[in-house]
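Peer 1: Please find one structure pasted underneath; my questions will follow.
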Amino acid sequence: MNIVVCMKPVPDPRRWGTLTLDARTMLLRREEVPAVINPLDRNAIEQAVAMRAGGTVTVLSMAPPDAEEQLAEALAMGCDRAILLSDSAFAGADSLATARALAAAIRRIGDVDLVFCGAYSLDGSTSQVGPQVAELLGVPDLTHVTALGLDGGTLRARSATEGGETLYECDLPAVVTFDKEVNVPRLPSMTGIMRAASAGVTRWTAADVGLAPAEAGLAGSPTQMQNTFTPAAARKGEMLEGSPARMAAALVEKLKGSRVIE
Ligand SMILES: Cc1cc2nc3c(=O)[nH]c(=O)nc-3n(C[C@H](O)[C@H](O)[C@H](O)COP(=O)(O)OP(=O)(O)OC[C@H]3O[C@@H](n4cnc5c(N)ncnc54)[C@H](O)[C@@H]3O)c2cc1C
C-alpha cells in the first residue's frame, strides 16, 4: 500500500496572538510565527503509518524551505520519504493552484494507492484542497472521515454528518480527508528521529513536476485577494448594572418595551 500524506505547515496556534496581516498583500506574515504540522495532518500521518502494510508512506508539502523542520518531524513519526515542493513560482497559490501542484507531484511519485489529507487546515480552513486533488487525479474522494478500513481491495469509511453518519465504499486509488476523531497521532520516536536525520528531504520545483509558470502560484490562481476586513458590528450591547434582582427587573421592562415579551 503506497500512501501519500499531504502535510501543510501552519502558524503555531499558541502564537496566533502575535500574527499580523501584510497590509499590501493581505496575506498572513507567516515568518513572524513558528510553523507546526497542521493538527489534522498528524491524524493523516498516523492513519498512513498504521495502514502502510509493507508499502511506503511519502509526506508531501508545498511550502517555503523552512518546512523541512515539519517534514523531518513527519519522518520521525514513521513516514518513509519526504518531498518539499519549494519554488518561488509556487508563491501566492490559492487552493486550486495548491491542489494542482500537489496532484502533479503525486503523479510524478507514481503508483500511489491512497492520498491522505486533513479535512481542513487551521489557517486557511477552506477544506478544498483534498477534494480538488481528487478531482485533478480523477479518483474518488471521501471527506471528513472518522474511521477507515480496507477490506480486500475495497475502502470503507465512516464520516460524521449533522444528522448522523455516512458510510462510504470505494475502490482504490482514492483521496481521503480526516477529522480528528479518526485516531490519536503518535509522538515521534527516538529511532524515528535518528532515521529522519539520515532520510533527508527531497526538493522539487514547479518544472520538476511538469508545471508551466502560468499553472503555478499566483499566475495559476483564479482567486485574487481584493480586501480583508473585520465586519462592523451591527448591534450595540448594553450593560445593566445593580443587584441581580434589579438587573432582571430592568431586563424584563426592556423586553416588554421592545415587545419581545408581553
Ligand atoms: C490569491 C491568494 C493568494 C495566496 N497566497 C498565499 C501565499 O503567498 N502564501 C501562503 O502561504 N498562502 C497563500 N494563500 C493561501 C493558500 O491558498 C492556502 O494556504 C492553500 O490553498 C491551502 O488552502 P487551505 O489552507 O484552505 O487548505 P484546506 O483545503 O483547508 O486544507 C486541507 C488539507 O489539504 C492539505 N494541504 C493544504 N495545503 C497544503 C500544502 N500547501 N501542502 C501540502 N498539503 C496541503 C493538508 O492535508 C490540509 O490538511 C493564498 C490564497 C489566495 C486566495
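Please note that chains go A, B, ... in the order of the C-alpha cells, that every chain numbers its residues from 1, and that ligands are numbered from 1 in the order shown.
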Do you know which residues are at most 6 Å from A:Asn38 counting only C-alpha atoms, after dropping those on the same chain fewer than 6 positions away, and could you put them as a ChimeraX atom specification?
Peer 2: /A:8-10
Peer 1: Produce a file of the selected residues containing C-alpha atoms, as a PDB file, in the first residue's frame.
Peer 2:
```pdb
ATOM      1  CA  LYS A   8       0.605  21.753   5.446  1.00  0.00           C
ATOM      2  CA  PRO A   9       2.817  23.679   7.882  1.00  0.00           C
ATOM      3  CA  VAL A  10       0.610  26.232   9.694  1.00  0.00           C
TER       4      VAL A  10
END
```
Peer 1: Can you list every residue in stretch 100-190 of chain A that DSSP puts in strand (DSSP E), as a PyMOL selection string?
Peer 2: chain A and resi 114-118+141-151+154-161+164-171+174-178
Peer 1: Please tabulate, as a tab-separated table, the residues of chain A that come within 6 Å of ligand 1, each with its closest pair of atoms and the distance in Å to one decimal, counting only C-alpha atoms and all ligand atoms and ordering rows by chain, then residue number upward.
Peer 2:
```
residue	atom	partner	partner_atom_place_in_ligand_line	distance
A:Cys6	CA	ligand 1	44 (N)	3.9
A:Met7	CA	ligand 1	44 (N)	4.2
A:Lys8	CA	ligand 1	42 (N)	4.3
A:Leu40	CA	ligand 1	49 (O)	5.8
A:Asp41	CA	ligand 1	49 (O)	5.2
A:Leu60	CA	ligand 1	43 (C)	5.8
A:Ser61	CA	ligand 1	42 (N)	3.8
A:Met62	CA	ligand 1	42 (N)	4.0
A:Ala63	CA	ligand 1	41 (N)	5.5
A:Ala91	CA	ligand 1	8 (O)	4.6
A:Gly92	CA	ligand 1	5 (N)	3.1
A:Ala93	CA	ligand 1	4 (C)	4.8
A:Asp94	CA	ligand 1	17 (O)	3.1
A:Ser95	CA	ligand 1	21 (O)	3.0
A:Thr98	CA	ligand 1	21 (O)	5.1
A:Cys117	CA	ligand 1	47 (O)	3.4
A:Gly118	CA	ligand 1	49 (O)	3.2
A:Ala119	CA	ligand 1	32 (C)	5.2
A:Tyr120	CA	ligand 1	30 (O)	3.4
A:Ser121	CA	ligand 1	30 (O)	4.0
A:Asp123	CA	ligand 1	25 (O)	5.7
A:Gly124	CA	ligand 1	25 (O)	3.4
A:Ser125	CA	ligand 1	30 (O)	3.6
A:Thr126	CA	ligand 1	26 (O)	3.6
A:Ser127	CA	ligand 1	29 (O)	3.4
A:Gln128	CA	ligand 1	29 (O)	3.9
A:Val129	CA	ligand 1	29 (O)	3.7
A:Gly130	CA	ligand 1	34 (O)	5.1
A:Thr223	CA	ligand 1	1 (C)	4.9
A:Gln224	CA	ligand 1	1 (C)	4.1
A:Met225	CA	ligand 1	1 (C)	4.7
```
Peer 1: Please determine, counting only C-alpha atoms, which residue among A:Leu142, A:Val182, A:Leu187, A:Leu137 has the shortest atom-to-atom distance to A:Tyr168.
Peer 2: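 For A:Tyr168, the nearest of the candidates is A:Leu142.
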Peer 1: Give me the residues within 6 Å of A:Leu114 as an MDAnalysis selection string, counting only C-alpha atoms and dropping any in the same chain fewer than 3 places off.
Peer 2: chainID A and resid 3 173:175
Peer 1: List the spatial neighbours of stretch 74-80 of chain A as a short mmCIF file (atom, residue, chain, number, x, y, z; two decimals) with C-alpha atoms, in the first residue's frame - criterion: any atom at most 8 Å away, only C-alpha atoms, same-chain residues fewer than 4 positions off excluded.
Peer 2:
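Output file selection_11.cif follows:
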```cif
data_model
loop_
_atom_site.label_atom_id
_atom_site.label_comp_id
_atom_site.auth_asym_id
_atom_site.auth_seq_id
_atom_site.Cartn_x
_atom_site.Cartn_y
_atom_site.Cartn_z
CA ILE A 45 0.15 10.64 9.05
CA GLU A 46 -0.94 8.31 11.88
CA VAL A 49 1.73 4.72 9.02
CA THR A 56 5.64 3.29 1.53
CA VAL A 57 4.37 6.47 3.17
CA THR A 58 5.50 9.69 1.46
CA VAL A 59 4.83 13.02 3.15
CA GLN A 70 7.92 19.81 9.92
CA ARG A 186 1.73 9.02 17.74
CA LEU A 187 4.65 11.05 19.05
CA PRO A 188 7.96 10.89 17.16
CA SER A 189 10.13 8.02 18.48
CA MET A 190 13.90 8.18 19.16
CA THR A 191 14.60 5.72 16.32
CA GLY A 192 12.29 7.79 14.12
CA ILE A 193 14.23 10.95 14.90
CA MET A 194 17.53 9.21 14.02
CA ARG A 195 16.02 7.82 10.80
CA ALA A 196 14.66 11.26 9.87
CA ALA A 199 16.47 10.15 5.30
#
```
Peer 1: Considering only C-alpha atoms, state which residue in the set A:Val133, A:Val145, A:Val209, A:Ala72 is at the smallest distance from A:Arg100.
Peer 2: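 With only C-alpha atoms as the atom set, the closest residue is A:Val133.
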Peer 1: Could you give me, as a PyMOL selection string, the residues within 9 Å of A:Glu181, counting only C-alpha atoms and dropping anything in the same chain fewer than 6 positions from it?
Peer 2: chain A and resi 43+145-147
Peer 1: Which of these, A:Ala216, A:Ala248, A:Ala53, A:Val201, has the shortest distance to A:Ala97 once you count only C-alpha atoms?
Peer 2: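 Once distances to A:Ala97 are computed over only C-alpha atoms, the minimum belongs to A:Ala216.
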Peer 1: Near A:Glu215, within 10 Å and counting only C-alpha atoms, which residues show up once chain neighbours fewer than 2 positions away are dropped, as a VMD selection string?
Peer 2: chain A and resid 89 to 90 93 96 to 97 100 to 101 206 210 to 213 217 to 221
Peer 1: Suppose you want the space between atom CA of A:Pro13 and atom CA of A:Thr25; what is it in Å?
Peer 2: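 A separation of 21.8 Å between them.
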Peer 1: So what do you get for atom CA of A:Leu172 versus atom CA of A:Asp113, distance-wise?
Peer 2: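 Taking atom CA of A:Leu172 as the start and atom CA of A:Asp113 as the end point, the length is 5.9 Å.
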Peer 1: Would you kindly return, as a list in words, each protein, DNA or RNA residue with an atom no farther than 12 Å from any atom of A:Arg24, considering only C-alpha atoms and excluding same-chain residues fewer than 6 positions away?
Peer 2: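 Counting only C-alpha atoms, the residues come to Met225, Gln226, Asn227 and Thr228 of chain A.
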Peer 1: I'd like to know which of A:Ala157, A:Ala207, A:Val176, A:Leu150 is closest to A:Ser86, using only C-alpha atoms.
Peer 2: A:Ala207
